[in-house]
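Notes for the one structure printed next.
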Amino acid sequence: MYEEDDLYKSRSQKKRESTALQGLGEDLARLSPAVLRALGLPEELLKALLELPKMKTHEAKRRHMQFIGRLMREEIDDPTELIAAVAEETRGRR
């Protein structure tokens with residue numbers, strides 16, 4: 001086997017991962033600013049998440065969520081800790 005084969009991801013796999021990260025971004029956007037700051041997110045991602053509530057139109061929010069998804073793909077190497085933190089925070093609110 002080639003090492004490249006292990007690193008290769010199909011287009012479908014990349015899209016699934018991208019969609020999952022964008023969904024995680026939507027979950028993050030529902031959290032309070034204080035909780036977001038406590039998560040230790042990268043600065044640019046935190047700033048984008050804090051700007052989302054200021055968006056007025058649906059289209060602006062949709063485009064901004066796509067931007068947040070891109071930031072998550074670029075800046076979050078392993079989202080498992082972030083997923084666990086979001087799950088813990090949302091479980092506490094129910």
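A note on labels: chains of the structure tokens are A, B, ... as shown, every chain counts residues from 1, and ligands are counted from 1 in their shown order.
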Item to complete: Please identify which residues in chain A DSSP calls helix (DSSP H, G or I) from the backbone, and express them as an NGL selection string.
Response: :A and (3-7 or 11-29 or 33-38 or 43-54 or 58-75 or 80-93)
Worksheet entry | Nearby residues (only C-alpha atoms) at most 12 Å from Arg62 of chain A, same-chain spacing under 6 positions excluded, as number ranges by chain | A: 22, 25-26, 52-53, 55-56, 68-69
Item to complete: Can you work out the spacing between atom CA of Glu17 of chain A and atom CA of Ala84 of chain A in Å, to one decimal?
Response: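 Going from atom CA of Glu17 of chain A over to atom CA of Ala84 of chain A, I get 16.7 Å.
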Fill in: Atomic separation - atom CA of Thr57 of chain A relative to atom CA of Ala38 of chain A, Å
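If I compute the distance from atom CA of Ala38 of chain A to atom CA of Thr57 of chain A, I get 28.3 Å.
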Worksheet item: Which one of A:Arg16, A:Glu59, A:Met65, A:Leu49 sits closest to Val35 of chain A if you count only C-alpha atoms?
Response: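 The shortest atom-to-atom distance to Val35 of chain A comes from A:Leu49.
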Item to complete: Go through A:His64, A:Glu43, A:Lys14, A:Thr90 and flag the residue nearest Leu28 of chain A, using only C-alpha atoms for the distances.
Response: A:Thr90
Worksheet item: At what distance in Å, to one decimal, does atom CA of Leu39 of chain A lie from atom CA of Leu21 of chain A?
Response: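 Spanning atom CA of Leu21 of chain A to atom CA of Leu39 of chain A is a straight-line distance of 16.0 Å.
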Worksheet, complete the sentence: For Gln66 of chain A, the closest of A:Leu31, A:Ile83, A:Arg37, A:Leu45 counting only C-alpha atoms is A:Leu45
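Between Ala87 of chain A and the candidates A:Gly40, A:Lys9, A:Leu24, A:Lys15, the tightest atom-to-atom separation, counting only C-alpha atoms, involves A:Leu24.
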